[in-house]
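A.B. asks: My questions all concern the structure below.
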There are 4 protein chains.
Amino acid sequence: MPRLLLHRLSMAHPGDVSELAALFDAGALDPRHIRAVIGKTEGNGGLNDFTRGYFTQSLMLLLAERTGQPRAALAARIPCVLSGGTEGALSPHFVVFAVDPEGQGAEGLALGTAFTASTPNADIGRASQIAAVARAVRDAMDQAGIVDARDVALVQVKAPAGEGPQGKALMALSRAAAAFGVGLALGDIAPEAAREAALLRDLSIFCNRASISSGVEVRCNEVVVFGRARGWAPGIRAGVAPMRDLLDLAGVQAAFAAAGAGSPGGEVLGVIAKGEPDASGMIRGRRHTMLGDTDLDAQRHLRGALGAIVAAVAGDGRVFVSGGAEHQGPPGGGLVCVFAREAQT
Amino acid sequence: MPRLLLHRLSMAHPGDVSELAALFDAGALDPRHIRAVIGKTEGNGGLNDFTRGYFTQSLMLLLAERTGQPRAALAARIPCVLSGGTEGALSPHFVVFAVDPEGQGAEGLALGTAFTASTPNADIGRASQIAAVARAVRDAMDQAGIVDARDVALVQVKAPAGEGPQGKALMALSRAAAAFGVGLALGDIAPEAAREAALLRDLSIFCNRASISSGVEVRCNEVVVFGRARGWAPGIRAGVAPMRDLLDLAGVQAAFAAAGAGSPGGEVLGVIAKGEPDASGMIRGRRHTMLGDTDLDAQRHLRGALGAIVAAVAGDGRVFVSGGAEHQGPPGGGLVCVFAREAQT
Amino acid sequence: MPRLLLHRLSMAHPGDVSELAALFDAGALDPRHIRAVIGKTEGNGGLNDFTRGYFTQSLMLLLAERTGQPRAALAARIPCVLSGGTEGALSPHFVVFAVDPEGQGAEGLALGTAFTASTPNADIGRASQIAAVARAVRDAMDQAGIVDARDVALVQVKAPAGEGPQGKALMALSRAAAAFGVGLALGDIAPEAAREAALLRDLSIFCNRASISSGVEVRCNEVVVFGRARGWAPGIRAGVAPMRDLLDLAGVQAAFAAAGAGSPGGEVLGVIAKGEPDASGMIRGRRHTMLGDTDLDAQRHLRGALGAIVAAVAGDGRVFVSGGAEHQGPPGGGLVCVFAREAQT
Amino acid sequence: MPRLLLHRLSMAHPGDVSELAALFDAGALDPRHIRAVIGKTEGNGGLNDFTRGYFTQSLMLLLAERTGQPRAALAARIPCVLSGGTEGALSPHFVVFAVDPEGQGAEGLALGTAFTASTPNADIGRASQIAAVARAVRDAMDQAGIVDARDVALVQVKAPAGEGPQGKALMALSRAAAAFGVGLALGDIAPEAAREAALLRDLSIFCNRASISSGVEVRCNEVVVFGRARGWAPGIRAGVAPMRDLLDLAGVQAAFAAAGAGSPGGEVLGVIAKGEPDASGMIRGRRHTMLGDTDLDAQRHLRGALGAIVAAVAGDGRVFVSGGAEHQGPPGGGLVCVFAREAQT
């Protein structure tokens, strides 16, 4: 029976995969078991952030050496969701999700992955991208053995930014379409609502179980689904909670509580948070300045603030925080997902 | 008997003092009663942040119109501690501290102010600056009627950055010397420890009741002391607590509790926080990237992170957060001070 | 007869008008003769650049003191075109344009000014703004006594950026509409071409005698026209030349030659340059990275590059360089205007 | 007889070596002949610029595939001098220097390379680094067959930035020590002047044939020497000229003239420029703002300005521009080196 394994590893720089190599050397992880990687690199998180591509190249080089499989085949099979930007209290790190086929147990946290076809600039933000992501989510659920969409905890997607100078404008649109695709597949967004025309326009439509980042280093949509399924070994719990705005400390604490992170024996294995600068220019009636800063990108502002709040609750800066939460929560809000080891009983 | 009054006001831009003008127009505040102003403007907080000077000019213009006193005389009498940088969740605002001579009560929160002589570049970070700030703190205590240094809650200082290209290097040194001066006056730093040679070198020496910012728009050290004194009206409480590192959420919560902010009837009137990027490059054993970011100044990183944590606890982005906490707390840590209206009993 | 006078003055910071005060003190300039001010302040030139407002407030305070006229009346009469951003070799400075009524001569360089009504966000980039700017240009020509639009050398406009978070998007649109207005008034753009629908879309439409900047600190369009007119004293020549792209060194040199700047006795009194990052992403077939830099705004890139080229030809960093040359030259190109004292014959 | 070959290639992103692969595929270049690579990547050029490491990894992967040699051996043999930062008009590109053993001719431009041992943080900026670089320069001259130091046109060095948070401070010191080493080897700096204590202090000591960049991705000093030597094929000329300050347009033009770039048949093959923000805060008596900008690093300002001036003369943005010209020219100045194909006679 399969067992999900999480390893949270630090990097000295975006090309540093030495902690993973050390795990392989120590026999603590079989490189063939790796199914997905989610991490934060110390770039600016924007259009000219190449730390994500550098990390991915370095990771695939290591995996190719250790598995004997070609780099291209590995990259086509293992979603590698890197988000740039470790502003403030955040710490560069990556979480390796592996599946050991030799687990024990009746039901546990499962993982499934899928990729869409390559999405050219012209298809970004179109109905075709929404549909392709929805299909990939269903494929990943099937792969994981998740039968009921209500059992899905989180869907993480790395969506393509467009190529060339137009890319900047397309990054948000690509995230929006991917969020619609996830919501459609999970039933959180009705088919008649998940229309191309509503993208970035009707912000009352959202899916609070979708976490989307976008980047120039991917051309297709890479999908990772987490949820409970029969036939997987127990031991890891995922807790998810929405944030109604950037200052929603109670929302952050709820996600940690849902994962049992504060229970005796509970141990946090990974944290994912999404948020966005409130487009109204206000938070709880007070003006913020994230959107009009010519020197400091709004997403860098956002990651620094959201990351610090989540890290303060976690007591640890190794938090995956990604801005650009279009249709992934209420306007100005977001979500937090905590993976924790369950206390032994 | 004097009564301390706090008004927390928002600005649409750094030259906007219209909310203060409205208070005057409504008769809610006598312009002659203003004794100090502490605020955050939306600049970058660095050497080329002119939003502080712009705000101060605008404020003094308004006060000159409403009091009939010359701008220069007002500026020489009223400390105006502006800190640039409203990264992330922070909201541009200023707190006006006024003293109404017609209060009632036996003991309450008192305020005193003092200025040192102008400090030229050559004297920044020297023994003479330390001594001058210490004298100013004692003068401000005398003015407030605070007899015992243990009754001082917080000393806020605006210290001069040097003029010209050397200014950048001198900003930290100026804050350090001012912190030593405060610590010396309060007895938190022993006279034999408060030596010029220890500035920015022996970081084990600090005063957790000193909050220092520095800027190019002041030439002398402007000092504001808060503490309990007989003969002042009750009604406002100041709660201060140290932060041992940037993620010390419990420390932030302790300051709010000490001010009675969570009690029924308690109402937050103003918040001051200081912190700094941990110079070790690590927070709780995890690498942060604030100090090596060529595009984003370490203090902007810090304010965005610290500000968000404090604002999340306050539920309000109007927090005075200032980086550069040299000798104002343990390395990598800082302090939080909360002013709150006491619940009526 | 009127005589145009130019004084190019440096600033130690954006609130520093001491060199102008010194001119008044020395009797070298009558404050009542000032008709327009064009300058560069050391902000970031973007939406949160408040150095322009700070300078303008400081300037109007000085002029109010020296003329006895109220600040508001002066601001409503004297166009003050400040452009933020002194990247690279550029030096913060301002050029004061004054008109002494007691000149001598038959024909010379003339100046006229005009203001439109206040332009709310909803009118920015609409036909009404185009028409209002065109009327203001004609009014300014009338005031200067310029009869033939072919005698106009340059029209400088400060157009309003929108207020609030929408401002960023509106800055370019406002510059575009103002350029159309200038082109319409000068006959460089045909009435049937100067349509709202073509703004920022049909970039083949442009007026190479329009120099537009936009900023949050103005609410109306402020217009200054320069050109030859009878009845003005001789002595100053304006040379204007287009730049076909950012590397058009010959174009820059042509403007200096047209003003006679290199002739014996010729002396440069002021320089204005406009340009923009080529929207194709290429300059002469080679990729540039100005448009996709998340950390450094495209206009800051542009001003640093264009400013250095013009300053290298001038041998002086006091050049007014402003990005955002929509419809003010061919795509990716711009213009240079040089004011020089004519050699005595 | 050896023949020096230059290929100037563009990159779509820092990991893109496809133009080089295409040269190999076309048989236009033998991968075994490559001796050095000098290029500009589109990072920020600072301590957290990882585009250089990404490019180098990508380049070595390609060379390993095409030569069958291990990546580590290639990296230890081929100096790869990448400088981050393509501000303004600059275009990301790299110049491949190859040596074909089958040339013809009596004397021509020669190339030699050498590496020092790894330089730990503690040795950066010490006498040992100066001596090691000097030895490497002499070794590279020997390898090239350059007998007289006067025949050396340029020495390009990639020096190590220190590791960790101290790295920022060490970057300048490392460049300074490498410049002293070059000057010592070429006889441009006397042995008694090239002392550790003079580094970054006595700026009157410099070598105008040294071009040094530093970066976190190298641990040793990588040296490339260019100069005339017997036994090399003719056909390429290197022209070098000093710049006395940032606006020295004549200096830039002199370097192009010296290389015969403007002669009929002359064709520019590569350009290298070094410069620095004038530490006095002034250029030709006018204040610049490069050194006090908290949002935009002084070296980014510098590269944008210097790069544009050189690119305007070249008519091409593919210029290697690197800031940090400590001891590589007079204070505030720098140098330009142009490689051009000689006109056929």
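So you can find residues: chains in the structure tokens are A, B, ... in the order shown, residues in each start at 1, and ligands are numbered from 1 in order.
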List as a short mmCIF file (atom, residue, chain, number, x, y, z; two decimals) with C-alpha atoms, in the first residue's frame the protein and nucleic acid residues near Gly145 in chain D, meaning an atom at most 8 Å away when only C-alpha atoms are counted, but skip any in the same chain fewer than 6 places from it.
C.D. replies:
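The result, written out as result_34.cif:
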```cif
data_model
loop_
_atom_site.label_atom_id
_atom_site.label_comp_id
_atom_site.auth_asym_id
_atom_site.auth_seq_id
_atom_site.Cartn_x
_atom_site.Cartn_y
_atom_site.Cartn_z
CA ALA D 110 46.56 36.13 -28.46
CA ALA D 229 52.02 37.77 -29.56
CA ARG D 230 54.14 36.24 -32.27
#
```
A.B. asks: Residues within 12 Å of Leu29 in chain D, please, as a list in words. Count only C-alpha atoms; anything in the same chain fewer than 3 positions from it doesn't count.
C.D. replies: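 Answer for this query is Leu4, Leu5, Leu6, His7, Glu19, Leu20, Ala21, Ala22, Leu23, Phe24, Asp25, Ala26, Arg32, His33, Ile34, Leu63, Arg66, Val96, Phe97, Ala98, Val99 and Asp100 of chain D.
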A.B. asks: Limited to N, CA, C and O atoms, could you put the picked residues into a file as a PDB file, in the first residue's frame?
C.D. replies:
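The new file out.pdb reads:
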```pdb
ATOM      1  N   LEU D   4      42.741  33.269 -32.962  1.00  0.00           N
ATOM      2  CA  LEU D   4      41.679  33.621 -32.014  1.00  0.00           C
ATOM      3  C   LEU D   4      40.368  33.852 -32.770  1.00  0.00           C
ATOM      4  O   LEU D   4      40.351  34.517 -33.808  1.00  0.00           O
ATOM      5  N   LEU D   5      39.304  33.285 -32.252  1.00  0.00           N
ATOM      6  CA  LEU D   5      37.975  33.431 -32.860  1.00  0.00           C
ATOM      7  C   LEU D   5      37.007  34.005 -31.826  1.00  0.00           C
ATOM      8  O   LEU D   5      37.038  33.592 -30.670  1.00  0.00           O
ATOM      9  N   LEU D   6      36.150  34.936 -32.250  1.00  0.00           N
ATOM     10  CA  LEU D   6      35.128  35.479 -31.347  1.00  0.00           C
ATOM     11  C   LEU D   6      33.735  35.231 -31.936  1.00  0.00           C
ATOM     12  O   LEU D   6      33.519  35.483 -33.128  1.00  0.00           O
ATOM     13  N   HIS D   7      32.832  34.747 -31.114  1.00  0.00           N
ATOM     14  CA  HIS D   7      31.432  34.617 -31.511  1.00  0.00           C
ATOM     15  C   HIS D   7      30.577  35.325 -30.468  1.00  0.00           C
ATOM     16  O   HIS D   7      30.627  34.972 -29.289  1.00  0.00           O
ATOM     17  N   GLU D  19      21.947  29.268 -29.094  1.00  0.00           N
ATOM     18  CA  GLU D  19      22.701  29.803 -30.238  1.00  0.00           C
ATOM     19  C   GLU D  19      24.082  29.151 -30.335  1.00  0.00           C
ATOM     20  O   GLU D  19      24.599  28.944 -31.434  1.00  0.00           O
ATOM     21  N   LEU D  20      24.642  28.826 -29.181  1.00  0.00           N
ATOM     22  CA  LEU D  20      25.936  28.136 -29.194  1.00  0.00           C
ATOM     23  C   LEU D  20      25.764  26.704 -29.710  1.00  0.00           C
ATOM     24  O   LEU D  20      26.561  26.219 -30.524  1.00  0.00           O
ATOM     25  N   ALA D  21      24.694  26.056 -29.261  1.00  0.00           N
ATOM     26  CA  ALA D  21      24.417  24.699 -29.751  1.00  0.00           C
ATOM     27  C   ALA D  21      24.242  24.704 -31.263  1.00  0.00           C
ATOM     28  O   ALA D  21      24.718  23.789 -31.965  1.00  0.00           O
ATOM     29  N   ALA D  22      23.600  25.762 -31.757  1.00  0.00           N
ATOM     30  CA  ALA D  22      23.386  25.852 -33.201  1.00  0.00           C
ATOM     31  C   ALA D  22      24.714  26.002 -33.949  1.00  0.00           C
ATOM     32  O   ALA D  22      24.899  25.448 -35.038  1.00  0.00           O
ATOM     33  N   LEU D  23      25.650  26.748 -33.373  1.00  0.00           N
ATOM     34  CA  LEU D  23      26.983  26.879 -33.995  1.00  0.00           C
ATOM     35  C   LEU D  23      27.671  25.518 -34.078  1.00  0.00           C
ATOM     36  O   LEU D  23      28.301  25.185 -35.083  1.00  0.00           O
ATOM     37  N   PHE D  24      27.538  24.748 -32.998  1.00  0.00           N
ATOM     38  CA  PHE D  24      28.139  23.407 -32.999  1.00  0.00           C
ATOM     39  C   PHE D  24      27.469  22.545 -34.062  1.00  0.00           C
ATOM     40  O   PHE D  24      28.131  21.848 -34.837  1.00  0.00           O
ATOM     41  N   ASP D  25      26.127  22.593 -34.080  1.00  0.00           N
ATOM     42  CA  ASP D  25      25.377  21.773 -35.026  1.00  0.00           C
ATOM     43  C   ASP D  25      25.767  22.092 -36.466  1.00  0.00           C
ATOM     44  O   ASP D  25      25.819  21.208 -37.325  1.00  0.00           O
ATOM     45  N   ALA D  26      26.030  23.385 -36.717  1.00  0.00           N
ATOM     46  CA  ALA D  26      26.360  23.811 -38.073  1.00  0.00           C
ATOM     47  C   ALA D  26      27.823  23.560 -38.422  1.00  0.00           C
ATOM     48  O   ALA D  26      28.246  23.821 -39.558  1.00  0.00           O
ATOM     49  N   ARG D  32      35.664  21.885 -28.610  1.00  0.00           N
ATOM     50  CA  ARG D  32      36.933  21.687 -27.894  1.00  0.00           C
ATOM     51  C   ARG D  32      37.847  22.897 -27.979  1.00  0.00           C
ATOM     52  O   ARG D  32      38.829  23.007 -27.252  1.00  0.00           O
ATOM     53  N   HIS D  33      37.546  23.820 -28.907  1.00  0.00           N
ATOM     54  CA  HIS D  33      38.409  24.991 -29.087  1.00  0.00           C
ATOM     55  C   HIS D  33      38.083  26.141 -28.126  1.00  0.00           C
ATOM     56  O   HIS D  33      38.819  27.121 -28.080  1.00  0.00           O
ATOM     57  N   ILE D  34      36.970  26.032 -27.400  1.00  0.00           N
ATOM     58  CA  ILE D  34      36.547  27.147 -26.543  1.00  0.00           C
ATOM     59  C   ILE D  34      37.522  27.331 -25.383  1.00  0.00           C
ATOM     60  O   ILE D  34      37.864  26.381 -24.683  1.00  0.00           O
ATOM     61  N   LEU D  63      28.569  21.953 -23.042  1.00  0.00           N
ATOM     62  CA  LEU D  63      29.943  21.610 -23.432  1.00  0.00           C
ATOM     63  C   LEU D  63      30.278  20.173 -23.046  1.00  0.00           C
ATOM     64  O   LEU D  63      30.977  19.474 -23.783  1.00  0.00           O
ATOM     65  N   ARG D  66      28.817  17.953 -25.625  1.00  0.00           N
ATOM     66  CA  ARG D  66      29.445  18.025 -26.942  1.00  0.00           C
ATOM     67  C   ARG D  66      30.916  17.626 -26.956  1.00  0.00           C
ATOM     68  O   ARG D  66      31.468  17.351 -28.015  1.00  0.00           O
ATOM     69  N   VAL D  96      31.970  34.126 -27.001  1.00  0.00           N
ATOM     70  CA  VAL D  96      32.769  32.914 -26.878  1.00  0.00           C
ATOM     71  C   VAL D  96      34.125  33.171 -27.533  1.00  0.00           C
ATOM     72  O   VAL D  96      34.187  33.578 -28.699  1.00  0.00           O
ATOM     73  N   PHE D  97      35.186  32.968 -26.761  1.00  0.00           N
ATOM     74  CA  PHE D  97      36.543  33.107 -27.288  1.00  0.00           C
ATOM     75  C   PHE D  97      37.092  31.700 -27.525  1.00  0.00           C
ATOM     76  O   PHE D  97      37.190  30.899 -26.591  1.00  0.00           O
ATOM     77  N   ALA D  98      37.418  31.398 -28.779  1.00  0.00           N
ATOM     78  CA  ALA D  98      37.939  30.079 -29.100  1.00  0.00           C
ATOM     79  C   ALA D  98      39.302  30.241 -29.770  1.00  0.00           C
ATOM     80  O   ALA D  98      39.621  31.308 -30.300  1.00  0.00           O
ATOM     81  N   VAL D  99      40.085  29.201 -29.707  1.00  0.00           N
ATOM     82  CA  VAL D  99      41.388  29.215 -30.376  1.00  0.00           C
ATOM     83  C   VAL D  99      41.463  28.008 -31.308  1.00  0.00           C
ATOM     84  O   VAL D  99      41.425  26.863 -30.857  1.00  0.00           O
ATOM     85  N   ASP D 100      41.537  28.324 -32.588  1.00  0.00           N
ATOM     86  CA  ASP D 100      41.681  27.285 -33.603  1.00  0.00           C
ATOM     87  C   ASP D 100      43.182  27.060 -33.800  1.00  0.00           C
ATOM     88  O   ASP D 100      43.902  28.000 -34.149  1.00  0.00           O
TER      89      ASP D 100
END
```
A.B. asks: Please provide the set of residues having any atom within 8 Å of Phe256 in chain C, restricted to only C-alpha atoms, with same-chain residues fewer than 3 positions apart removed, written as a list in words.
C.D. replies: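 The neighbour list is Gly239, Val252, Gln253, Ala259, Gly260, Ala261, Gly262, Ala314, Cys337 and Val338 of chain C.
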A.B. asks: With a distance threshold of 7 Å and counting only C-alpha atoms, extract the residues of chain B near chain A and express them as a list in words.
C.D. replies: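 The complete set of qualifying residues is Thr86, Glu87, Gly88, Ala89, Leu90, Ser91, Leu247, Asp248, Leu249, Arg286, Arg287, His288, Thr289, Met290, His301, Leu302, Gly304, Ala305, Ala308, Ile309, Ala311, Ala312, Gly315 and Gly317 of chain B.
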A.B. asks: Step one, run DSSP on the backbone; step two, keep only residues of range 67-308 of chain D assigned to strand (DSSP E); then write them as an MDAnalysis selection string.
C.D. replies: chainID D and resid 80:84 93:100 107:118 152:160 210:215 220:230 236:243 267:274 282:283 286:287
A.B. asks: Determine which residues of range 231-304 of chain A receive a DSSP assignment of alpha helix (DSSP H), computed from the backbone, and state them as a PyMOL selection string.
C.D. replies: chain A and resi 249-258+298-304
A.B. asks: Those residues you just picked out, can you put them in a file as a tab-separated table (two decimals), in the first residue's frame with all heavy atoms?
C.D. replies:
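Ended up saving to part-v6.tsv:
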```tsv
chain	number	residue	atom	x	y	z
A	249	LEU	N	-5.44	36.50	11.38
A	249	LEU	CA	-4.60	35.65	12.22
A	249	LEU	C	-5.36	34.40	12.66
A	249	LEU	O	-4.81	33.29	12.68
A	249	LEU	CB	-4.14	36.46	13.44
A	249	LEU	CG	-3.20	35.79	14.44
A	249	LEU	CD1	-1.89	35.39	13.79
A	249	LEU	CD2	-2.93	36.75	15.61
A	250	ALA	N	-6.65	34.55	12.96
A	250	ALA	CA	-7.46	33.40	13.40
A	250	ALA	C	-7.56	32.36	12.30
A	250	ALA	O	-7.56	31.14	12.57
A	250	ALA	CB	-8.85	33.86	13.84
A	251	GLY	N	-7.65	32.80	11.06
A	251	GLY	CA	-7.69	31.86	9.94
A	251	GLY	C	-6.43	31.04	9.85
A	251	GLY	O	-6.45	29.82	9.64
A	252	VAL	N	-5.28	31.69	10.02
A	252	VAL	CA	-4.00	30.97	9.98
A	252	VAL	C	-3.96	29.94	11.11
A	252	VAL	O	-3.61	28.77	10.91
A	252	VAL	CB	-2.82	31.96	10.10
A	252	VAL	CG1	-1.50	31.20	10.11
A	252	VAL	CG2	-2.86	32.99	8.98
A	253	GLN	N	-4.34	30.39	12.29
A	253	GLN	CA	-4.30	29.48	13.44
A	253	GLN	C	-5.25	28.30	13.23
A	253	GLN	O	-4.95	27.17	13.66
A	253	GLN	CB	-4.64	30.25	14.72
A	253	GLN	CG	-3.52	31.23	15.10
A	253	GLN	CD	-3.90	32.22	16.18
A	253	GLN	OE1	-5.05	32.67	16.23
A	253	GLN	NE2	-2.95	32.60	17.02
A	254	ALA	N	-6.39	28.52	12.57
A	254	ALA	CA	-7.35	27.43	12.32
A	254	ALA	C	-6.75	26.34	11.45
A	254	ALA	O	-7.00	25.15	11.65
A	254	ALA	CB	-8.62	28.01	11.66
A	255	ALA	N	-5.94	26.72	10.45
A	255	ALA	CA	-5.33	25.71	9.58
A	255	ALA	C	-4.35	24.84	10.35
A	255	ALA	O	-4.31	23.62	10.17
A	255	ALA	CB	-4.63	26.39	8.40
A	256	PHE	N	-3.57	25.48	11.23
A	256	PHE	CA	-2.62	24.69	12.05
A	256	PHE	C	-3.39	23.75	12.98
A	256	PHE	O	-3.01	22.59	13.16
A	256	PHE	CB	-1.68	25.62	12.84
A	256	PHE	CG	-0.56	26.15	11.99
A	256	PHE	CD1	-0.74	27.24	11.15
A	256	PHE	CD2	0.69	25.55	12.00
A	256	PHE	CE1	0.29	27.73	10.35
A	256	PHE	CE2	1.73	26.03	11.21
A	256	PHE	CZ	1.53	27.12	10.39
A	257	ALA	N	-4.48	24.26	13.54
A	257	ALA	CA	-5.27	23.41	14.44
A	257	ALA	C	-5.90	22.25	13.67
A	257	ALA	O	-5.92	21.11	14.14
A	257	ALA	CB	-6.35	24.25	15.12
A	258	ALA	N	-6.39	22.52	12.46
A	258	ALA	CA	-7.04	21.47	11.66
A	258	ALA	C	-6.07	20.34	11.32
A	258	ALA	O	-6.47	19.19	11.15
A	258	ALA	CB	-7.63	22.07	10.38
A	298	ALA	N	3.96	44.69	-5.97
A	298	ALA	CA	2.88	44.39	-5.02
A	298	ALA	C	3.00	42.97	-4.46
A	298	ALA	O	2.72	42.72	-3.29
A	298	ALA	CB	1.52	44.58	-5.71
A	299	GLN	N	3.41	42.03	-5.29
A	299	GLN	CA	3.50	40.64	-4.82
A	299	GLN	C	4.66	40.47	-3.83
A	299	GLN	O	4.60	39.61	-2.95
A	299	GLN	CB	3.65	39.67	-6.00
A	299	GLN	CG	2.52	39.72	-7.01
A	299	GLN	CD	1.17	39.29	-6.43
A	299	GLN	OE1	1.08	38.73	-5.35
A	299	GLN	NE2	0.10	39.58	-7.15
A	300	ARG	N	5.71	41.26	-3.99
A	300	ARG	CA	6.80	41.19	-3.01
A	300	ARG	C	6.31	41.75	-1.66
A	300	ARG	O	6.59	41.18	-0.60
A	300	ARG	CB	8.04	41.95	-3.49
A	300	ARG	CG	8.65	41.38	-4.79
A	300	ARG	CD	10.11	41.78	-4.97
A	300	ARG	NE	10.92	40.99	-4.03
A	300	ARG	CZ	12.25	41.08	-3.93
A	300	ARG	NH1	12.92	41.93	-4.71
A	300	ARG	NH2	12.92	40.34	-3.07
A	301	HIS	N	5.60	42.85	-1.69
A	301	HIS	CA	4.96	43.38	-0.48
A	301	HIS	C	4.11	42.27	0.18
A	301	HIS	O	4.19	42.03	1.38
A	301	HIS	CB	3.99	44.52	-0.85
A	301	HIS	CG	4.57	45.89	-0.91
A	301	HIS	ND1	4.91	46.61	0.19
A	301	HIS	CD2	4.85	46.69	-1.97
A	301	HIS	CE1	5.38	47.81	-0.18
A	301	HIS	NE2	5.35	47.88	-1.49
A	302	LEU	N	3.27	41.65	-0.64
A	302	LEU	CA	2.31	40.69	-0.11
A	302	LEU	C	2.99	39.48	0.52
A	302	LEU	O	2.64	39.06	1.63
A	302	LEU	CB	1.39	40.24	-1.26
A	302	LEU	CG	0.23	39.32	-1.01
A	302	LEU	CD1	0.63	37.87	-0.93
A	302	LEU	CD2	-0.56	39.70	0.25
A	303	ARG	N	3.95	38.93	-0.20
A	303	ARG	CA	4.63	37.75	0.34
A	303	ARG	C	5.34	38.06	1.65
A	303	ARG	O	5.33	37.24	2.59
A	303	ARG	CB	5.63	37.19	-0.67
A	303	ARG	CG	4.99	36.42	-1.81
A	303	ARG	CD	6.05	35.71	-2.64
A	303	ARG	NE	7.00	36.65	-3.19
A	303	ARG	CZ	6.94	37.19	-4.41
A	303	ARG	NH1	5.96	36.85	-5.24
A	303	ARG	NH2	7.86	38.02	-4.81
A	304	GLY	N	5.96	39.23	1.73
A	304	GLY	CA	6.66	39.60	2.96
A	304	GLY	C	5.71	39.68	4.14
A	304	GLY	O	6.03	39.24	5.25
```
A.B. asks: Compile the contact shell of range 169-184 of chain C as an MDAnalysis selection string: residues with an atom at most 8 Å away, counting only C-alpha atoms, same-chain residues fewer than 4 positions apart removed.
C.D. replies: chainID C and resid 121 124:127 129:135 137 155 157 159:162 188:191 194 196 199:200 206:207 209:215 221 324:328
A.B. asks: With C-alpha atoms retained, write the just-selected residues as a short mmCIF file (atom, residue, chain, number, x, y, z; two decimals), in the first residue's frame.
C.D. replies:
```
data_model
loop_
_atom_site.label_atom_id
_atom_site.label_comp_id
_atom_site.auth_asym_id
_atom_site.auth_seq_id
_atom_site.Cartn_x
_atom_site.Cartn_y
_atom_site.Cartn_z
CA ASN C 121 -10.23 60.17 -13.36
CA ILE C 124 -8.51 61.00 -18.40
CA GLY C 125 -7.78 59.60 -21.85
CA ARG C 126 -11.11 60.75 -23.24
CA ALA C 127 -11.86 63.07 -26.16
CA GLN C 129 -9.01 65.79 -22.38
CA ILE C 130 -7.65 65.87 -25.96
CA ALA C 131 -9.81 68.88 -26.79
CA ALA C 132 -9.03 70.68 -23.55
CA VAL C 133 -5.27 70.34 -24.05
CA ALA C 134 -5.57 71.51 -27.69
CA ARG C 135 -7.45 74.61 -26.54
CA VAL C 137 -2.03 75.06 -26.43
CA VAL C 155 5.04 72.20 -26.04
CA VAL C 157 2.65 69.52 -20.66
CA ALA C 159 -0.81 65.98 -17.29
CA PRO C 160 -2.67 64.55 -14.30
CA ALA C 161 -2.22 60.95 -13.23
CA GLY C 162 -5.42 59.58 -11.88
CA ASP C 188 1.02 67.61 -36.55
CA ILE C 189 -1.89 65.23 -36.02
CA ALA C 190 -4.97 65.49 -38.21
CA PRO C 191 -8.34 65.93 -36.45
CA ALA C 194 -6.65 62.38 -33.00
CA GLU C 196 -9.84 58.63 -28.35
CA LEU C 199 -4.81 56.40 -27.87
CA LEU C 200 -2.04 53.93 -26.95
CA PHE C 206 2.68 61.12 -32.99
CA CYS C 207 3.76 64.71 -32.52
CA ARG C 209 7.11 68.65 -30.66
CA ALA C 210 5.13 67.43 -27.65
CA SER C 211 6.86 66.60 -24.35
CA ILE C 212 4.42 65.23 -21.79
CA SER C 213 4.93 64.05 -18.26
CA SER C 214 2.25 62.97 -15.81
CA GLY C 215 2.09 62.93 -12.06
CA ASN C 221 -3.17 69.85 -17.59
CA GLY C 324 6.60 57.82 -21.25
CA ALA C 325 6.86 59.19 -24.78
CA GLU C 326 3.58 57.77 -26.04
CA HIS C 327 2.65 59.54 -29.29
CA GLN C 328 5.56 61.99 -28.78
#
```
A.B. asks: Pick the closest to Val81 in chain A from A:Arg35, A:Lys158, A:Arg138, A:Arg52: which is it, counting only C-alpha atoms?
C.D. replies: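 Under the stated criterion, the closest residue is A:Lys158.
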A.B. asks: Need to verify the contact set: Cys80 in chain B, 9 Å, only C-alpha atoms, exclusion of same-chain residues closer than 4 positions in sequence. Can you return it as a compact mmCIF listing (two decimals) with C-alpha atoms, in the first residue's frame?
C.D. replies:
```txt
# COMPACT_ATOMS: atom_id res chain seq x y z
CA ALA B 36 4.66 65.50 19.69
CA VAL B 37 3.82 63.68 16.47
CA ILE B 38 4.85 60.11 15.61
CA GLY B 39 3.96 58.72 12.21
CA THR B 56 6.84 67.73 8.43
CA ALA B 75 9.57 72.72 14.52
CA LYS B 158 14.48 60.79 16.09
CA GLU B 222 14.46 64.83 19.14
```
